[in-house]
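J.: This is query35.cif (mmCIF, C-alpha atoms and all ligand atoms).
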data_input
#
loop_
_atom_site.label_atom_id
_atom_site.label_comp_id
_atom_site.auth_asym_id
_atom_site.auth_seq_id
_atom_site.Cartn_x
_atom_site.Cartn_y
_atom_site.Cartn_z
CA MET A 17 53.71 -187.01 215.97
CA MET A 18 53.78 -189.29 212.93
CA PRO A 19 53.92 -187.34 209.71
CA LEU A 20 50.98 -187.79 207.38
CA LEU A 21 51.64 -190.24 204.57
CA SER A 22 51.47 -187.52 201.96
CA GLU A 23 54.05 -185.56 203.89
CA GLN A 24 56.34 -188.54 204.20
CA ALA A 25 56.38 -188.86 200.45
CA ARG A 26 57.01 -185.19 199.91
CA GLY A 27 60.47 -184.18 198.88
CA THR A 28 62.38 -181.15 200.01
CA VAL A 29 64.71 -178.69 198.34
CA SER A 30 67.68 -177.00 199.98
CA LEU A 31 68.95 -173.98 198.08
CA VAL A 32 72.55 -174.14 199.14
CA GLY A 33 75.27 -171.55 198.68
CA ALA A 34 78.53 -173.22 197.66
CA GLY A 35 80.64 -170.17 198.45
CA PRO A 36 83.03 -168.44 196.04
CA GLY A 37 85.00 -171.53 195.05
CA ASP A 38 87.38 -172.81 197.70
CA LEU A 39 85.93 -175.92 199.33
CA GLU A 40 87.02 -174.73 202.78
CA LEU A 41 84.71 -171.73 202.48
CA LEU A 42 81.59 -173.91 202.57
CA THR A 43 79.41 -173.60 205.64
CA LEU A 44 79.04 -176.62 207.86
CA ARG A 45 75.35 -176.67 207.03
CA ALA A 46 76.07 -176.74 203.29
CA TRP A 47 78.43 -179.64 203.85
CA ARG A 48 75.81 -181.53 205.88
CA ARG A 49 73.10 -180.98 203.28
CA LEU A 50 75.45 -182.22 200.56
CA GLN A 51 76.12 -185.39 202.52
CA MET A 52 72.38 -186.02 202.80
CA ALA A 53 71.55 -185.23 199.18
CA GLU A 54 69.68 -187.70 197.01
CA VAL A 55 69.80 -185.42 193.98
CA LEU A 56 72.26 -182.63 193.39
CA VAL A 57 71.45 -179.88 190.88
CA TYR A 58 74.45 -177.62 190.35
CA ASP A 59 76.03 -175.12 188.01
CA ASN A 60 79.44 -174.02 186.80
CA LEU A 61 80.32 -171.59 189.59
CA VAL A 62 80.55 -174.41 192.11
CA GLY A 63 84.19 -174.84 193.13
CA PRO A 64 86.33 -177.96 192.67
CA GLY A 65 85.67 -180.90 194.97
CA ILE A 66 82.34 -179.63 196.30
CA VAL A 67 80.04 -181.77 194.18
CA GLU A 68 82.10 -184.78 195.29
CA LEU A 69 80.96 -184.23 198.88
CA ALA A 70 77.56 -185.70 198.00
CA PRO A 71 77.23 -189.48 198.43
CA PRO A 72 78.49 -191.40 195.39
CA GLN A 73 75.00 -192.79 194.76
CA ALA A 74 73.39 -189.34 194.67
CA GLN A 75 72.16 -188.31 191.25
CA ARG A 76 74.08 -185.33 189.87
CA LEU A 77 72.49 -182.96 187.41
CA TYR A 78 74.57 -180.21 185.85
CA VAL A 79 72.51 -177.22 184.76
CA GLY A 80 75.51 -174.94 184.29
CA LYS A 81 75.37 -171.50 182.91
CA SER A 82 77.93 -169.19 181.53
CA ALA A 83 77.01 -165.73 180.24
CA GLY A 84 74.47 -166.05 177.45
CA ASN A 85 75.00 -169.79 177.19
CA HIS A 86 72.45 -171.51 179.37
CA THR A 87 72.58 -175.27 179.47
CA LEU A 88 69.03 -175.21 180.84
CA PRO A 89 66.90 -172.07 180.82
CA GLN A 90 66.03 -170.76 184.29
CA ASP A 91 62.32 -171.64 184.09
CA GLU A 92 63.24 -175.20 183.20
CA ILE A 93 65.59 -175.38 186.16
CA CYS A 94 62.74 -174.23 188.39
CA ARG A 95 60.40 -176.85 186.94
CA LEU A 96 63.06 -179.54 187.26
CA LEU A 97 63.41 -178.79 190.99
CA VAL A 98 59.64 -179.05 191.44
CA ARG A 99 59.53 -182.35 189.56
CA LEU A 100 62.40 -183.89 191.54
CA ALA A 101 60.88 -182.85 194.85
CA GLN A 102 57.48 -184.19 193.81
CA GLN A 103 59.16 -187.56 193.35
CA GLY A 104 59.71 -187.42 197.11
CA ARG A 105 63.45 -186.87 196.92
CA ARG A 106 65.82 -184.80 198.98
CA VAL A 107 67.12 -182.26 196.51
CA VAL A 108 70.11 -180.01 196.98
CA ARG A 109 70.23 -177.08 194.59
CA LEU A 110 73.84 -175.94 194.80
CA LYS A 111 74.75 -172.47 193.59
CA GLY A 112 77.98 -170.50 193.53
CA GLY A 113 78.35 -167.91 196.29
CA ASP A 114 75.07 -167.17 198.04
CA PRO A 115 71.76 -168.30 196.53
CA PHE A 116 70.13 -164.95 197.24
CA VAL A 117 72.87 -162.71 195.79
CA PHE A 118 72.40 -162.51 192.01
CA GLY A 119 71.68 -166.22 192.17
CA ARG A 120 68.05 -166.45 191.00
CA GLY A 121 67.36 -168.26 194.28
CA GLY A 122 64.28 -166.10 194.76
CA GLU A 123 62.68 -167.39 191.56
CA GLU A 124 63.36 -170.99 192.47
CA MET A 125 62.03 -170.52 195.99
CA ASP A 126 58.81 -168.89 194.73
CA LEU A 127 57.93 -171.69 192.36
CA LEU A 128 58.70 -174.38 194.94
CA LEU A 129 56.55 -172.66 197.54
CA GLN A 130 53.71 -172.30 195.02
CA HIS A 131 53.81 -176.08 194.77
CA ARG A 132 53.89 -176.35 198.58
CA ILE A 133 57.32 -177.93 198.51
CA PRO A 134 59.34 -177.28 201.67
CA VAL A 135 62.33 -175.09 200.83
CA GLU A 136 65.29 -174.25 202.97
CA ILE A 137 67.94 -171.62 202.24
CA VAL A 138 71.54 -172.27 203.22
CA PRO A 139 73.56 -169.07 202.82
CA GLY A 140 76.98 -169.03 201.25
CA ILE A 141 79.92 -166.66 201.11
CA THR A 142 79.23 -164.41 198.18
CA ALA A 143 81.98 -163.77 195.60
CA ALA A 144 82.55 -160.19 196.81
CA LEU A 145 83.51 -161.43 200.26
CA GLY A 146 85.72 -164.14 198.84
CA ALA A 147 87.46 -161.61 196.57
CA ALA A 148 88.01 -159.09 199.36
CA ALA A 149 89.54 -161.80 201.52
CA SER A 150 91.74 -163.00 198.66
CA LEU A 151 92.94 -159.52 197.82
CA GLY A 152 93.39 -158.71 201.47
CA PHE A 153 91.41 -155.48 201.66
CA PRO A 154 88.35 -154.59 203.75
CA LEU A 155 85.11 -153.74 201.94
CA THR A 156 84.41 -151.03 204.50
CA HIS A 157 86.96 -149.04 206.45
CA ARG A 158 86.41 -146.03 208.67
CA ASP A 159 88.93 -143.96 206.69
CA HIS A 160 87.84 -145.11 203.24
CA ALA A 161 84.34 -146.47 202.79
CA GLN A 162 81.26 -146.15 204.93
CA SER A 163 79.14 -148.11 202.52
CA CYS A 164 79.53 -150.96 200.13
CA VAL A 165 77.20 -151.80 197.26
CA PHE A 166 76.85 -154.95 195.20
CA VAL A 167 75.44 -154.37 191.75
CA THR A 168 74.98 -156.38 188.60
CA GLY A 169 76.55 -155.22 185.36
CA HIS A 170 74.35 -157.50 183.31
CA LEU A 171 70.65 -156.93 182.82
CA LYS A 172 68.11 -159.32 181.34
CA ASP A 173 68.08 -157.43 178.03
CA HIS A 174 71.93 -157.22 177.93
CA THR A 175 72.00 -153.47 178.62
CA ILE A 176 73.53 -151.77 181.63
CA ASP A 177 71.23 -149.29 183.24
CA LEU A 178 72.60 -148.43 186.66
CA ASN A 179 72.15 -145.40 188.86
CA TRP A 180 75.61 -144.01 188.04
CA GLN A 181 75.23 -141.00 190.33
CA ALA A 182 74.53 -143.24 193.31
CA LEU A 183 77.48 -145.48 192.43
CA ALA A 184 79.90 -142.57 192.01
CA GLN A 185 79.50 -141.41 195.61
CA PRO A 186 82.68 -140.86 197.60
CA GLY A 187 83.34 -143.09 200.62
CA GLN A 188 81.82 -146.13 198.96
CA THR A 189 83.07 -149.46 197.69
CA VAL A 190 81.35 -150.68 194.54
CA VAL A 191 81.47 -154.37 193.66
CA ILE A 192 80.12 -155.22 190.25
CA TYR A 193 79.08 -158.78 189.45
CA MET A 194 78.84 -159.88 185.81
CA GLY A 195 80.49 -156.64 184.73
CA VAL A 196 83.39 -157.80 182.54
CA THR A 197 81.58 -157.46 179.25
CA GLY A 198 80.41 -153.94 180.09
CA LEU A 199 83.69 -152.47 181.32
CA GLU A 200 83.87 -149.64 178.78
CA THR A 201 80.43 -148.38 179.73
CA ILE A 202 81.00 -148.84 183.45
CA ALA A 203 84.31 -146.97 183.47
CA SER A 204 83.11 -144.08 181.34
CA GLU A 205 79.71 -143.66 183.07
CA LEU A 206 81.26 -143.67 186.54
CA GLN A 207 83.77 -141.03 185.50
CA ALA A 208 81.05 -138.95 183.84
CA ALA A 209 79.13 -139.16 187.14
CA GLY A 210 82.11 -137.70 188.99
CA LEU A 211 84.22 -140.62 190.23
CA PRO A 212 87.89 -139.73 189.63
CA GLY A 213 89.61 -141.75 186.91
CA ASN A 214 92.46 -142.57 189.26
CA THR A 215 90.18 -144.32 191.80
CA PRO A 216 91.77 -147.67 192.67
CA ALA A 217 90.03 -150.64 191.07
CA ALA A 218 90.67 -154.34 190.61
CA LEU A 219 89.46 -157.16 188.45
CA VAL A 220 89.32 -160.48 190.24
CA TYR A 221 89.01 -163.62 188.15
CA LYS A 222 87.78 -166.77 189.93
CA ALA A 223 88.43 -165.53 193.45
CA THR A 224 89.48 -168.36 195.83
CA TRP A 225 89.78 -170.91 192.97
CA PRO A 226 93.15 -172.43 192.06
CA GLN A 227 93.05 -170.28 188.88
CA GLU A 228 92.44 -167.07 190.83
CA ALA A 229 93.99 -164.00 189.22
CA ILE A 230 93.94 -160.43 190.50
CA TYR A 231 94.50 -157.38 188.31
CA PRO A 232 94.89 -154.15 190.29
CA THR A 233 94.34 -151.03 188.20
CA ARG A 234 92.56 -147.62 188.15
CA LEU A 235 89.01 -146.83 187.14
CA ARG A 236 90.07 -145.16 183.89
CA ASP A 237 92.33 -148.09 182.92
CA LEU A 238 89.83 -150.88 183.58
CA PRO A 239 88.99 -151.67 179.94
CA ARG A 240 92.66 -151.59 178.96
CA THR A 241 93.66 -153.86 181.84
CA ALA A 242 90.94 -156.38 180.99
CA GLU A 243 91.97 -156.40 177.35
CA ARG A 244 95.67 -156.67 178.06
CA TYR A 245 95.29 -159.69 180.33
CA GLY A 246 92.30 -161.21 178.57
CA VAL A 247 90.16 -161.14 181.71
CA LYS A 248 87.07 -163.30 181.25
CA PRO A 249 84.01 -164.13 183.35
CA PRO A 250 83.53 -165.16 186.08
CA SER A 251 85.22 -162.04 187.38
CA LEU A 252 84.33 -159.32 189.81
CA LEU A 253 85.05 -155.68 189.46
CA VAL A 254 85.88 -153.82 192.65
CA ILE A 255 86.11 -150.02 192.65
CA GLY A 256 87.00 -147.80 195.57
CA SER A 257 89.90 -146.50 197.60
CA VAL A 258 89.83 -149.60 199.84
CA VAL A 259 91.44 -151.47 196.95
CA SER A 260 94.64 -149.51 197.65
CA LEU A 261 94.83 -151.29 201.03
CA ALA A 262 95.12 -154.70 199.37
CA GLN A 263 97.83 -156.82 200.87
CA ALA A 264 97.30 -160.15 199.19
CA TRP A 265 99.84 -160.02 196.39
CA SER A 266 102.61 -159.14 198.79
CA THR A 267 101.80 -161.33 201.80
CA ARG A 268 99.74 -164.33 200.78
CA GLN A 269 102.61 -166.35 199.36
CA ALA A 270 104.25 -166.26 202.79
CA LEU A 271 101.41 -168.14 204.52
N1 LIG A 301 75.41 -166.05 193.68
C1 LIG A 301 76.75 -165.69 193.29
C2 LIG A 301 76.77 -164.73 192.14
C3 LIG A 301 76.27 -165.32 190.84
S1 LIG A 301 76.28 -164.18 189.52
C4 LIG A 301 77.49 -165.12 194.51
O1 LIG A 301 76.86 -164.86 195.54
O2 LIG A 301 78.70 -164.95 194.44
C5 LIG A 301 77.72 -164.65 188.63
C6 LIG A 301 78.81 -163.63 188.76
O3 LIG A 301 79.34 -163.67 190.07
C7 LIG A 301 79.99 -163.84 187.86
O4 LIG A 301 79.77 -163.33 186.56
C8 LIG A 301 81.07 -163.06 188.58
O5 LIG A 301 80.92 -161.68 188.35
C9 LIG A 301 80.70 -163.34 190.02
N2 LIG A 301 81.47 -164.44 190.61
C10 LIG A 301 80.99 -165.58 191.12
N3 LIG A 301 81.98 -166.32 191.65
C11 LIG A 301 83.11 -165.62 191.47
C12 LIG A 301 84.49 -165.82 191.82
N4 LIG A 301 84.89 -166.92 192.48
N5 LIG A 301 85.36 -164.86 191.49
C13 LIG A 301 85.00 -163.75 190.85
N6 LIG A 301 83.73 -163.50 190.50
C14 LIG A 301 82.79 -164.42 190.80
#
What does the file become when written as structure tokens?
Ligand code: SAH
T.:
Amino acid sequence: MMPLLSEQARGTVSLVGAGPGDLELLTLRAWRRLQMAEVLVYDNLVGPGIVELAPPQAQRLYVGKSAGNHTLPQDEICRLLVRLAQQGRRVVRLKGGDPFVFGRGGEEMDLLLQHRIPVEIVPGITAALGAAASLGFPLTHRDHAQSCVFVTGHLKDHTIDLNWQALAQPGQTVVIYMGVTGLETIASELQAAGLPGNTPAALVYKATWPQEAIYPTRLRDLPRTAERYGVKPPSLLVIGSVVSLAQAWSTRQAL
């Protein structure tokens, strides 16, 4: 059936996960959408070489964010996507990791749908999975962790208000996104909630990027480790006995 004229003119938006950084960790669908993009809206967690996969004539709009320093506020990004789609263009909104894991993809999707703009979600490998693969430890393991939680260490009002009791459970891997600036609080609250200070932990800076750096430590030493090595965002914090299984720093060089 022929599409109605109004539908022909209507643009679309793909919310595409760019994965944790390494270009090879893109999904095939993400790669295809990039190749078809007329406009690319992306931010600073998108790994090297990925933006270049869009056709040279595609318009590229950087709306990058780093903690507290938003190039474009989120509501303006949402409105920009609506405007571009209303111009009848094929828009790819490229986000680090997965668009639905701490990626504000939900907010963008809502506004687009309110404007009856067709939206598609292309999942990506979230940073926690990239980091676990890079470190070479499993997030769950029958002898170590029966559950794995992803939490944010950064709330809208810049406070950290997590359910510390729930996070301090034994047999659990805790991955904290955006947690580097709150390390003191995280380490002391988890210990106060009963997690032993010698629980293995790691800070992972830019997992799967060329600049990747991994700092294995213990829960109680997290703030000291971060300070000593000057660990900055974007970094993940992984806490749990699975971290002791990490193989990466001994084997990866051999590959
Ligand atoms: N949607 C993204 C998360 C965005 S929130 C995802 O699914 O991965 C931003 C936070 O994610 C950063 O502050 C950092 O904690 C984490 N992060 C994203 N990419 C990372 C990477 N390659 N290495 C380590 N942490 C990363």
J.: Residues of chain A that approach ligand LIG 301 (chain A) to 8 Å or less, counting only C-alpha atoms and all ligand atoms: could you list each one with the shortest pair of atoms and its distance in Å to one decimal, rows by chain and increasing residue number, as a tab-separated table?
T.:
residue	atom	partner	partner_atom	distance
A:Gly33	CA	A:LIG301	N1	7.4
A:Gly35	CA	A:LIG301	O2	6.9
A:Pro36	CA	A:LIG301	N4	4.3
A:Gly37	CA	A:LIG301	N4	5.3
A:Leu61	CA	A:LIG301	N3	5.9
A:Gly63	CA	A:LIG301	N4	8.0
A:Ser82	CA	A:LIG301	O4	7.9
A:Ala83	CA	A:LIG301	O4	7.3
A:Lys111	CA	A:LIG301	N1	6.5
A:Gly112	CA	A:LIG301	C1	5.0
A:Gly113	CA	A:LIG301	C4	3.4
A:Asp114	CA	A:LIG301	O1	3.8
A:Pro115	CA	A:LIG301	N1	5.1
A:Phe116	CA	A:LIG301	N1	6.5
A:Val117	CA	A:LIG301	O1	4.5
A:Phe118	CA	A:LIG301	C2	4.9
A:Gly119	CA	A:LIG301	N1	4.0
A:Arg120	CA	A:LIG301	N1	7.8
A:Gly140	CA	A:LIG301	O1	7.1
A:Ile141	CA	A:LIG301	O1	6.6
A:Thr142	CA	A:LIG301	O1	3.6
A:Ala143	CA	A:LIG301	O2	3.7
A:Ala144	CA	A:LIG301	O2	6.6
A:Gly146	CA	A:LIG301	N4	7.0
A:Ala147	CA	A:LIG301	N5	6.4
A:Thr168	CA	A:LIG301	S1	8.0
A:Ile192	CA	A:LIG301	O5	6.8
A:Tyr193	CA	A:LIG301	O5	3.6
A:Met194	CA	A:LIG301	O4	3.7
A:Gly195	CA	A:LIG301	O5	6.2
A:Val196	CA	A:LIG301	O5	7.4
A:Val220	CA	A:LIG301	C13	5.5
A:Tyr221	CA	A:LIG301	C13	4.8
A:Lys222	CA	A:LIG301	N5	3.5
A:Ala223	CA	A:LIG301	N5	3.7
A:Thr224	CA	A:LIG301	N4	5.9
A:Trp225	CA	A:LIG301	N4	6.3
A:Glu228	CA	A:LIG301	N5	7.4
A:Pro249	CA	A:LIG301	O4	5.4
A:Pro250	CA	A:LIG301	C8	4.1
A:Ser251	CA	A:LIG301	N6	3.8
A:Leu252	CA	A:LIG301	N6	4.3
A:Leu253	CA	A:LIG301	O5	7.4
J.: Can you find the residues with an atom no farther than 7 Å from (71.1, -179.3, 200.6), counting all atoms listed in the file, and report them as a ChimeraX atom specification?
T.: /A:29-32,46,49-50,53,107-109
J.: Would you mind listing what lies within 8 Å of Thr156 of chain A as a VMD selection string, with only C-alpha atoms counted and same-chain residues fewer than 4 positions away left out?
T.: chain A and resid 160 to 164 188 to 189 258
J.: For Leu128 of chain A, work out the shell of residues within 8 Å, counting all atoms listed in the file and skipping chain neighbours fewer than 4 positions away, then give it as a PDB file with C-alpha atoms, in the frame of the given file.
T.:
ATOM      1  CA  CYS A  94      62.740-174.230 188.390  1.00  0.00           C
ATOM      2  CA  LEU A  97      63.410-178.790 190.990  1.00  0.00           C
ATOM      3  CA  VAL A  98      59.640-179.050 191.440  1.00  0.00           C
ATOM      4  CA  GLU A 124      63.360-170.990 192.470  1.00  0.00           C
ATOM      5  CA  ARG A 132      53.890-176.350 198.580  1.00  0.00           C
ATOM      6  CA  ILE A 133      57.320-177.930 198.510  1.00  0.00           C
ATOM      7  CA  PRO A 134      59.340-177.280 201.670  1.00  0.00           C
ATOM      8  CA  VAL A 135      62.330-175.090 200.830  1.00  0.00           C
TER       9      VAL A 135
END
J.: So the first atom is atom CA of Ser260 of chain A and the second is atom CA of Thr43 of chain A; what is the distance between them in Å, to one decimal place?
T.: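 About the pair atom CA of Ser260 of chain A and atom CA of Thr43 of chain A: they are 29.6 Å apart.
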J.: Using all atoms listed in the file, which of A:Gly122, A:Leu183, A:Gly169, A:Gln73 sits nearest Gln207 of chain A?
T.: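 Among the listed residues, A:Leu183 lies closest to Gln207 of chain A.
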J.: Using only C-alpha atoms, which of the listed residues (A:Tyr58, A:Phe166, A:Phe153, A:Tyr245) sits closest to Tyr78 of chain A?
T.: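 Of the candidates, the smallest distance to Tyr78 of chain A is held by A:Tyr58.
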J.: Between atom CA of Leu238 of chain A and atom CA of Ala149 of chain A, what is the distance in Å, rounded to a tenth?
T.: 21.0 Å
J.: So which residues touch Glu200 of chain A within 7 Å, counting all atoms listed in the file, skipping near sequence neighbours fewer than 3 positions away, as JSON, numbers by chain?
T.: {"A": [203, 204, 239]}
J.: Record the distance separating atom CA of Val191 of chain A and atom CA of Ser257 of chain A, expressed in Å with one decimal.
T.: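 Spanning atom CA of Val191 of chain A to atom CA of Ser257 of chain A is a straight-line distance of 12.2 Å.
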J.: Can you list, as a VMD selection string, every protein, DNA or RNA residue that comes within 9 Å of Met52 of chain A when you count all atoms listed in the file, leaving out same-chain residues fewer than 6 positions away?
T.: chain A and resid 70 to 71 74 106 108
J.: From the set A:Gln227, A:Gln90, A:Gln263, A:Thr233, which residue has the shortest atom-to-atom contact distance to Lys248 of chain A, counting only C-alpha atoms?
T.: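 Between A:Gln227, A:Gln90, A:Gln263, A:Thr233, the residue approaching Lys248 of chain A most closely is A:Gln227.
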J.: With a distance cut-off of 6 Å and all atoms listed in the file, select the neighbouring residues of Thr215 of chain A, excluding the residue or stretch itself and same-chain residues fewer than 2 positions from it, and output the selection as a list of chain:residue names.
T.: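 Counting only the stated atoms, we get A:Pro212, A:Gly213, A:Arg234, A:Leu235.
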